[in-house]
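Undergrad: This is the content of input.txt (compact mmCIF, C-alpha atoms and all ligand atoms):
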```
# COMPACT_ATOMS: atom_id res chain seq x y z
CA MET A 1 -52.41 7.19 -35.19
CA ILE A 2 -52.19 10.58 -33.43
CA ARG A 3 -55.09 12.99 -33.83
CA PHE A 4 -55.58 16.36 -32.17
CA GLU A 5 -59.02 17.94 -32.53
CA ASN A 6 -59.16 21.63 -31.63
CA VAL A 7 -56.79 21.05 -28.73
CA SER A 8 -55.91 23.88 -26.37
CA LYS A 9 -53.81 23.72 -23.24
CA VAL A 10 -53.67 26.46 -20.65
CA TYR A 11 -51.36 25.64 -17.74
CA ASP A 12 -52.62 26.33 -14.23
CA GLY A 13 -52.10 29.94 -13.26
CA GLN A 14 -51.49 31.02 -16.89
CA THR A 15 -53.75 33.02 -19.13
CA ARG A 16 -52.01 32.54 -22.46
CA PRO A 17 -52.52 29.05 -23.90
CA ALA A 18 -49.38 26.95 -24.44
CA LEU A 19 -51.30 25.24 -27.23
CA ALA A 20 -54.20 26.98 -28.98
CA ASP A 21 -56.87 25.21 -31.03
CA VAL A 22 -54.54 22.74 -32.70
CA THR A 23 -56.01 20.22 -35.13
CA VAL A 24 -53.69 17.70 -36.74
CA ASP A 25 -53.83 14.11 -37.92
CA VAL A 26 -50.77 11.86 -38.15
CA ASP A 27 -51.22 8.53 -39.93
CA LYS A 28 -49.65 5.21 -39.10
CA GLY A 29 -46.11 5.01 -40.41
CA GLU A 30 -45.58 8.74 -40.92
CA PHE A 31 -42.43 10.61 -39.91
CA VAL A 32 -43.26 14.08 -38.63
CA PHE A 33 -41.02 16.91 -37.47
CA LEU A 34 -42.49 19.30 -34.94
CA VAL A 35 -40.70 22.65 -35.18
CA GLY A 36 -41.08 26.10 -33.69
CA GLN A 37 -39.22 28.52 -31.47
CA SER A 38 -38.53 27.80 -27.84
CA GLY A 39 -41.81 28.10 -25.95
CA SER A 40 -43.97 27.54 -29.05
CA GLY A 41 -45.64 24.49 -27.51
CA LYS A 42 -43.74 21.48 -28.90
CA SER A 43 -43.16 19.72 -25.57
CA THR A 44 -46.72 20.49 -24.50
CA PHE A 45 -47.92 18.80 -27.70
CA LEU A 46 -45.83 15.68 -27.05
CA LYS A 47 -46.90 15.50 -23.39
CA LEU A 48 -50.56 15.63 -24.42
CA ALA A 49 -49.96 12.71 -26.81
CA LEU A 50 -48.40 10.73 -23.93
CA ARG A 51 -51.23 11.73 -21.62
CA GLU A 52 -48.75 13.30 -19.26
CA LEU A 53 -51.01 16.34 -19.59
CA ARG A 54 -54.72 16.68 -20.22
CA PRO A 55 -56.08 19.21 -22.72
CA SER A 56 -58.02 22.21 -21.43
CA ARG A 57 -60.19 21.95 -24.52
CA GLY A 58 -60.48 19.61 -27.48
CA ARG A 59 -59.74 15.93 -27.89
CA VAL A 60 -56.55 13.91 -28.30
CA PHE A 61 -56.68 10.45 -29.90
CA VAL A 62 -53.77 8.03 -29.92
CA ALA A 63 -54.09 4.63 -31.60
CA GLY A 64 -57.84 5.15 -31.86
CA LYS A 65 -58.38 5.93 -28.17
CA GLU A 66 -59.51 9.28 -26.86
CA LEU A 67 -57.02 9.90 -24.10
CA ASN A 68 -59.29 11.99 -21.91
CA ARG A 69 -61.73 9.10 -21.70
CA LEU A 70 -59.10 6.46 -21.05
CA SER A 71 -59.32 5.08 -17.51
CA GLY A 72 -56.21 5.54 -15.42
CA TRP A 73 -55.41 1.83 -15.31
CA LYS A 74 -55.24 1.73 -19.12
CA VAL A 75 -52.61 4.48 -19.32
CA PRO A 76 -49.62 2.13 -18.79
CA ARG A 77 -50.87 -0.02 -21.68
CA LEU A 78 -51.06 3.10 -23.87
CA ARG A 79 -47.55 4.17 -22.91
CA ARG A 80 -46.21 0.73 -23.76
CA GLN A 81 -47.24 1.44 -27.32
CA ILE A 82 -45.24 4.67 -27.38
CA GLY A 83 -41.46 4.71 -27.15
CA THR A 84 -39.87 7.95 -25.94
CA VAL A 85 -36.42 9.44 -26.53
CA PHE A 86 -35.13 12.68 -25.01
CA GLN A 87 -32.28 15.12 -25.50
CA ASP A 88 -30.61 14.06 -22.22
CA PHE A 89 -30.75 10.28 -22.92
CA ARG A 90 -32.12 9.41 -19.43
CA LEU A 91 -30.22 6.13 -19.07
CA LEU A 92 -29.88 4.36 -15.73
CA PRO A 93 -26.28 5.24 -14.78
CA ASN A 94 -25.63 2.13 -12.69
CA LYS A 95 -26.77 -0.36 -15.28
CA THR A 96 -24.90 -1.66 -18.32
CA VAL A 97 -26.07 -1.08 -21.88
CA HIS A 98 -27.68 -4.54 -21.91
CA GLU A 99 -29.31 -3.98 -18.52
CA ASN A 100 -30.70 -0.58 -19.52
CA VAL A 101 -32.52 -2.12 -22.47
CA ALA A 102 -33.49 -5.32 -20.63
CA PHE A 103 -34.97 -3.29 -17.78
CA ALA A 104 -37.59 -1.78 -20.10
CA LEU A 105 -38.85 -5.30 -20.76
CA GLN A 106 -38.54 -6.53 -17.16
CA VAL A 107 -40.81 -3.78 -15.84
CA ILE A 108 -43.58 -4.84 -18.22
CA GLY A 109 -43.24 -8.46 -17.16
CA LYS A 110 -41.62 -10.00 -20.24
CA PRO A 111 -40.15 -13.47 -19.62
CA LYS A 112 -36.42 -13.90 -19.27
CA HIS A 113 -35.99 -16.05 -22.39
CA HIS A 114 -37.68 -13.32 -24.48
CA ILE A 115 -35.42 -10.64 -22.99
CA THR A 116 -32.29 -12.72 -23.62
CA LYS A 117 -33.32 -13.11 -27.25
CA VAL A 118 -34.50 -9.61 -28.20
CA VAL A 119 -32.03 -7.34 -26.36
CA PRO A 120 -29.00 -8.43 -28.45
CA GLU A 121 -31.12 -8.13 -31.61
CA VAL A 122 -32.09 -4.52 -30.90
CA LEU A 123 -28.55 -3.62 -29.81
CA GLU A 124 -27.30 -4.92 -33.12
CA LEU A 125 -29.99 -2.91 -34.94
CA VAL A 126 -28.77 0.32 -33.32
CA GLY A 127 -25.11 -0.55 -33.97
CA LEU A 128 -24.03 -1.29 -30.41
CA ASP A 129 -23.12 -4.97 -30.62
CA GLY A 130 -19.91 -5.54 -28.68
CA LYS A 131 -20.74 -2.73 -26.22
CA GLU A 132 -23.37 -4.62 -24.20
CA LEU A 133 -21.36 -4.60 -20.99
CA ARG A 134 -20.30 -0.94 -21.02
CA MET A 135 -21.70 1.49 -18.49
CA PRO A 136 -23.39 4.66 -19.87
CA ASP A 137 -20.46 6.86 -18.78
CA GLU A 138 -18.15 4.71 -20.90
CA LEU A 139 -20.05 5.66 -24.05
CA SER A 140 -20.04 8.72 -26.33
CA GLY A 141 -23.14 10.90 -26.44
CA GLY A 142 -24.19 9.38 -29.76
CA GLU A 143 -23.79 5.87 -28.35
CA GLN A 144 -25.81 6.78 -25.26
CA GLN A 145 -28.59 8.03 -27.50
CA ARG A 146 -28.45 4.74 -29.42
CA VAL A 147 -28.99 2.89 -26.13
CA ALA A 148 -31.96 5.16 -25.39
CA ILE A 149 -33.38 4.43 -28.85
CA ALA A 150 -32.84 0.69 -28.38
CA ARG A 151 -34.66 0.89 -25.06
CA ALA A 152 -37.53 2.85 -26.63
CA PHE A 153 -37.81 0.45 -29.56
CA VAL A 154 -37.17 -2.96 -27.96
CA ASN A 155 -40.87 -3.43 -27.30
CA ARG A 156 -41.69 -2.55 -30.95
CA PRO A 157 -43.99 0.37 -30.10
CA MET A 158 -46.43 1.70 -32.69
CA ILE A 159 -45.21 5.25 -32.08
CA LEU A 160 -41.82 6.74 -31.26
CA ILE A 161 -41.83 10.22 -29.74
CA ALA A 162 -38.49 12.00 -29.73
CA ASP A 163 -38.04 15.37 -28.02
CA GLU A 164 -34.84 17.00 -29.37
CA PRO A 165 -32.98 13.67 -29.68
CA THR A 166 -29.99 15.32 -31.38
CA GLY A 167 -29.93 18.39 -29.12
CA ASN A 168 -26.75 17.29 -27.31
CA LEU A 169 -24.95 15.79 -30.28
CA ASP A 170 -22.55 17.13 -32.88
CA PRO A 171 -23.76 17.31 -36.51
CA SER A 172 -22.14 14.10 -37.80
CA THR A 173 -23.31 12.06 -34.79
CA SER A 174 -26.77 13.54 -35.30
CA VAL A 175 -26.86 12.28 -38.88
CA GLY A 176 -26.23 8.74 -37.61
CA ILE A 177 -29.06 9.06 -35.09
CA MET A 178 -31.40 10.32 -37.81
CA LYS A 179 -30.50 7.38 -40.06
CA LEU A 180 -31.46 5.12 -37.20
CA LEU A 181 -34.78 6.87 -36.59
CA ASP A 182 -35.48 6.67 -40.32
CA ARG A 183 -34.77 2.95 -40.25
CA ILE A 184 -37.11 2.49 -37.32
CA ASN A 185 -39.76 4.50 -39.17
CA ARG A 186 -39.40 2.20 -42.17
CA THR A 187 -40.38 -0.77 -39.99
CA GLY A 188 -43.82 0.90 -39.77
CA THR A 189 -43.35 2.81 -36.52
CA THR A 190 -44.85 6.30 -36.57
CA VAL A 191 -42.15 8.81 -35.57
CA MET A 192 -42.88 12.25 -34.16
CA MET A 193 -39.81 14.35 -33.42
CA ALA A 194 -39.57 17.84 -31.94
CA THR A 195 -36.41 19.61 -33.03
CA HIS A 196 -34.53 22.88 -33.49
CA ASP A 197 -32.06 21.24 -35.86
CA SER A 198 -32.68 22.95 -39.18
CA ASN A 199 -30.01 20.98 -41.08
CA ILE A 200 -31.62 17.69 -40.19
CA VAL A 201 -35.13 18.82 -41.09
CA ASP A 202 -33.87 20.20 -44.41
CA GLN A 203 -31.99 17.00 -45.23
CA MET A 204 -34.73 14.53 -44.36
CA ARG A 205 -37.61 16.23 -46.23
CA LYS A 206 -40.36 14.73 -44.10
CA ARG A 207 -43.67 16.24 -43.03
CA VAL A 208 -43.12 19.41 -40.99
CA ILE A 209 -45.61 20.80 -38.49
CA GLU A 210 -44.73 24.24 -37.15
CA LEU A 211 -46.05 25.83 -33.98
CA GLU A 212 -45.83 29.51 -33.16
CA GLY A 213 -47.11 30.82 -29.85
CA GLY A 214 -49.11 27.60 -29.40
CA LYS A 215 -50.81 27.83 -32.80
CA LEU A 216 -50.27 25.49 -35.71
CA VAL A 217 -48.96 27.80 -38.42
CA ARG A 218 -47.68 25.28 -40.99
CA ASP A 219 -48.25 21.67 -41.96
CA GLN A 220 -46.15 20.79 -44.97
CA SER A 221 -45.35 17.43 -46.55
CA ARG A 222 -41.68 16.95 -47.50
CA GLY A 223 -41.03 20.24 -45.75
CA VAL A 224 -38.02 22.23 -44.62
CA TYR A 225 -37.20 23.88 -41.30
CA GLY A 226 -38.04 27.46 -42.22
CA TYR A 227 -40.53 28.87 -44.66
CA GLN A 228 -39.49 28.58 -48.27
CA THR A 229 -39.67 31.85 -50.18
N1 LIG A 301 -45.66 23.46 -16.32
C1 LIG A 301 -45.86 24.65 -16.91
N2 LIG A 301 -46.52 25.64 -16.25
C2 LIG A 301 -46.76 26.83 -16.84
N3 LIG A 301 -46.38 27.15 -18.09
C3 LIG A 301 -45.71 26.21 -18.79
C4 LIG A 301 -45.42 24.92 -18.25
N4 LIG A 301 -44.75 24.19 -19.18
C5 LIG A 301 -44.64 25.00 -20.26
N5 LIG A 301 -45.21 26.20 -20.04
C6 LIG A 301 -45.31 27.33 -20.99
O1 LIG A 301 -46.01 26.87 -22.13
C7 LIG A 301 -45.43 27.41 -23.33
C8 LIG A 301 -45.03 26.26 -24.26
O2 LIG A 301 -43.95 25.53 -23.65
P1 LIG A 301 -43.33 24.21 -24.28
O3 LIG A 301 -42.40 23.64 -23.28
O4 LIG A 301 -44.42 23.34 -24.80
O5 LIG A 301 -42.51 24.84 -25.51
P2 LIG A 301 -41.43 24.17 -26.47
O6 LIG A 301 -41.80 24.56 -27.86
O7 LIG A 301 -41.33 22.71 -26.19
O8 LIG A 301 -40.08 24.89 -26.05
P3 LIG A 301 -38.54 24.37 -26.12
O9 LIG A 301 -38.19 24.33 -27.57
O10 LIG A 301 -37.80 25.40 -25.37
O11 LIG A 301 -38.51 23.01 -25.47
C9 LIG A 301 -44.28 28.29 -22.88
O12 LIG A 301 -44.76 29.61 -22.82
C10 LIG A 301 -43.96 27.79 -21.49
O13 LIG A 301 -43.45 28.82 -20.68
```
Kindly transcribe the structure held in the file into structure tokens.

TA:
Amino acid sequence: MIRFENVSKVYDGQTRPALADVTVDVDKGEFVFLVGQSGSGKSTFLKLALRELRPSRGRVFVAGKELNRLSGWKVPRLRRQIGTVFQDFRLLPNKTVHENVAFALQVIGKPKHHITKVVPEVLELVGLDGKELRMPDELSGGEQQRVAIARAFVNRPMILIADEPTGNLDPSTSVGIMKLLDRINRTGTTVMMATHDSNIVDQMRKRVIELEGGKLVRDQSRGVYGYQT
């Protein structure tokens, strides 16, 4: 589903690569944690998978397509297959919960009757039924992240990319968010999540890929956050 072949990324004006000769293969339906210290290359990795960046060397494949050879007009179609969730939620502050999720479908031209049907379904899935008409600032951080997850998932993407989704949440709220991501993963969606949250990684026992200075230094199934001695 996501395949990196000897991928390196050197940002303009830099000499040290942010990602150095990374090869990794993530299958459909996997749940993968991407760990590593700040600056190790996690966000660079995720941006390459979204084709927000191009590799300096190597090839990136997502859903069978080599991203460097994908024509520009096909990029929106690719991104529709990938839901994204971030640490800072990124909700539209002047829209209600329902409108935030509905908007994701409006911009890709889904008909109104479809939107009216699926938005309540996904809000129920994430545990927000009854809060459809709230504004984002009337929600807790955990609830705002649930809206962001609903918005990312409403189009049933093949892949969900989450960059530090629990970074702004307290531990018990984070557990709820992880249960939700696990549930989404069990519908067949491939989940790739960058995180610094060692408790969560240790509890979930999923595949762990670790980066250090841009290099892939560990790829462990049912792994933990740090090296086991
Ligand atoms: N636009 C950019 N221009 C130049 N260098 C960059 C740019 N973005 C990131 N870098 C550098 O690339 C390296 C990897 O950064 P990246 O953001 O991928 O790390 P990260 O693991 O996601 O860090 P964090 O956990 O803090 O989010 C760092 O050395 C960073 O300074």

Undergrad: So which residues are near ligand LIG 301 (chain A), meaning at most 12 Å away with only C-alpha atoms and all ligand atoms counted, given back as a PyMOL selection string?

TA: chain A and resi 8-20+34-48+52-54+86-87+162-165+167+193-197+209-216

Undergrad: Separation of atom CA of A:Asn155 and atom CA of A:Arg3, in Å?

TA: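 Atom CA of A:Asn155 sits 22.7 Å away from atom CA of A:Arg3.
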
Undergrad: Here is a test: counting only C-alpha atoms, which residue of A:Asn6, A:Ser198, A:Ser56, A:Gln81 is nearest to A:Pro171?

TA: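 Going through A:Asn6, A:Ser198, A:Ser56, A:Gln81 one by one, the smallest distance to A:Pro171 is for A:Ser198.
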
Undergrad: Kindly compute an axis-aligned box around the listed atoms of stretch 198-214 of chain A, allowing 5 Å on each side, and express its centre and edge lengths in Å to one decimal as lines of an AutoDock Vina configuration file.

TA:
```
center_x = -39.6
center_y = 22.7
center_z = -37.8
size_x = 29.1
size_y = 26.3
size_z = 26.8
```

Undergrad: Considering all atoms listed in the file, can you say which of A:Gln220, A:Thr23, A:Ser140, A:Thr84 comes closest to A:Ile2?

TA: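 Smallest separation from A:Ile2 among the options: A:Thr23.
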
Undergrad: Neighbouring residues of stretch 97-103 of chain A were defined as those with any atom within 6 Å, considering all atoms listed in the file; residues of the same chain fewer than 3 positions away were excluded. Please report them as an NGL selection string.

TA: :A and (106 or 132-134 or 151)

Undergrad: Quote the spacing between atom CA of A:Ile200 and atom CA of A:Lys28 in Å to one decimal place.

TA: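 Atom CA of A:Lys28 lies at a distance of 22.0 Å from atom CA of A:Ile200.
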
Undergrad: Find the residues with any atom within 12 Å of (-58.9, 4.2, -28.8); use all atoms listed in the file and the coordinates as given in the file, and write the answer as a compact mmCIF listing (two decimals) with C-alpha atoms, in the frame of the given file.

TA:
```
# COMPACT_ATOMS: atom_id res chain seq x y z
CA MET A 1 -52.41 7.19 -35.19
CA ILE A 2 -52.19 10.58 -33.43
CA ARG A 3 -55.09 12.99 -33.83
CA ARG A 59 -59.74 15.93 -27.89
CA VAL A 60 -56.55 13.91 -28.30
CA PHE A 61 -56.68 10.45 -29.90
CA VAL A 62 -53.77 8.03 -29.92
CA ALA A 63 -54.09 4.63 -31.60
CA GLY A 64 -57.84 5.15 -31.86
CA LYS A 65 -58.38 5.93 -28.17
CA GLU A 66 -59.51 9.28 -26.86
CA LEU A 67 -57.02 9.90 -24.10
CA ASN A 68 -59.29 11.99 -21.91
CA ARG A 69 -61.73 9.10 -21.70
CA LEU A 70 -59.10 6.46 -21.05
CA SER A 71 -59.32 5.08 -17.51
CA LYS A 74 -55.24 1.73 -19.12
CA VAL A 75 -52.61 4.48 -19.32
CA ARG A 77 -50.87 -0.02 -21.68
CA LEU A 78 -51.06 3.10 -23.87
```

Undergrad: Take atom CA of A:Leu160 and atom CA of A:Thr96 and report the distance between them in Å, one decimal.

TA: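 Atom CA of A:Thr96 lies 22.9 Å from atom CA of A:Leu160.
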
Undergrad: Show me, as CSV, the residues of stretch 138-227 of chain A having an atom within 10 Å of stretch 121-126 of chain A, each with the closest atom pair and its distance in Å, using all atoms listed in the file.

TA:
```
residue,atom,partner,partner_atom,distance
A:Glu143,CA,A:Val126,CA,9.0
A:Gln145,CA,A:Val126,CA,9.7
A:Arg146,CA,A:Val126,CA,5.9
A:Val147,CA,A:Leu123,CA,7.5
A:Ala148,CA,A:Val126,CA,9.8
A:Ile149,CA,A:Val126,CA,7.6
A:Ala150,CA,A:Val122,CA,5.8
A:Arg151,CA,A:Val122,CA,8.4
A:Phe153,CA,A:Val122,CA,7.7
A:Val154,CA,A:Val122,CA,6.1
A:Asn155,CA,A:Val122,CA,9.6
A:Arg156,CA,A:Val122,CA,9.8
A:Gly176,CA,A:Val126,CA,9.8
A:Ile177,CA,A:Val126,CA,8.9
A:Lys179,CA,A:Val126,CA,9.9
A:Leu180,CA,A:Val126,CA,6.7
A:Leu181,CA,A:Val126,CA,9.5
A:Arg183,CA,A:Leu125,CA,9.2
A:Ile184,CA,A:Leu125,CA,9.2
```

Undergrad: Applying 8 Å and all atoms listed in the file, which residues near A:Ser221 remain after dropping the ones on its own chain fewer than 6 positions away? List them as a list in words.

TA: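 Contacts, in chain order: Arg205, Lys206, Arg207 and Val208 of chain A.
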
Undergrad: Take the selection from the previous step and output its residues with C-alpha atoms, as a PDB file, keeping the file's coordinate frame.

TA:
```pdb
ATOM      1  CA  ARG A 205     -37.610  16.230 -46.230  1.00  0.00           C
ATOM      2  CA  LYS A 206     -40.360  14.730 -44.100  1.00  0.00           C
ATOM      3  CA  ARG A 207     -43.670  16.240 -43.030  1.00  0.00           C
ATOM      4  CA  VAL A 208     -43.120  19.410 -40.990  1.00  0.00           C
TER       5      VAL A 208
END
```

Undergrad: Nearest residue to A:Val7 out of A:Val224, A:Val32, A:Ala49, A:Val85, using all atoms listed in the file?

TA: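 Nearest candidate to A:Val7 out of A:Val224, A:Val32, A:Ala49, A:Val85: A:Ala49.
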
Undergrad: Pick out the closest residue to A:Pro136 from this set: A:Gly109, A:Pro157, A:Phe89, A:Val175. Count all atoms listed in the file.

TA: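 With all atoms listed in the file as the atom set, the closest residue is A:Phe89.
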
Undergrad: Which residues are near A:Ile159? Cut-off 6 Å, all atoms listed in the file, ignore same chain within fewer than 2 positions. Put them as a PyMOL selection string.

TA: chain A and resi 82+157+189-191

Undergrad: Just the selected residues (C-alpha atoms), exported as an mmCIF file, in the frame of the given file, please.

TA:
```
data_model
loop_
_atom_site.group_PDB
_atom_site.id
_atom_site.type_symbol
_atom_site.label_atom_id
_atom_site.label_comp_id
_atom_site.auth_asym_id
_atom_site.auth_seq_id
_atom_site.Cartn_x
_atom_site.Cartn_y
_atom_site.Cartn_z
ATOM 1 C CA ILE A 82 -45.240 4.670 -27.380
ATOM 2 C CA PRO A 157 -43.990 0.370 -30.100
ATOM 3 C CA THR A 189 -43.350 2.810 -36.520
ATOM 4 C CA THR A 190 -44.850 6.300 -36.570
ATOM 5 C CA VAL A 191 -42.150 8.810 -35.570
#
```

Undergrad: Compare A:Pro76, A:Gly223, A:Pro55, A:Gly29 by their minimum atom-to-atom distance to A:Ile108, counting only C-alpha atoms, and give me the closest one.

TA: A:Pro76
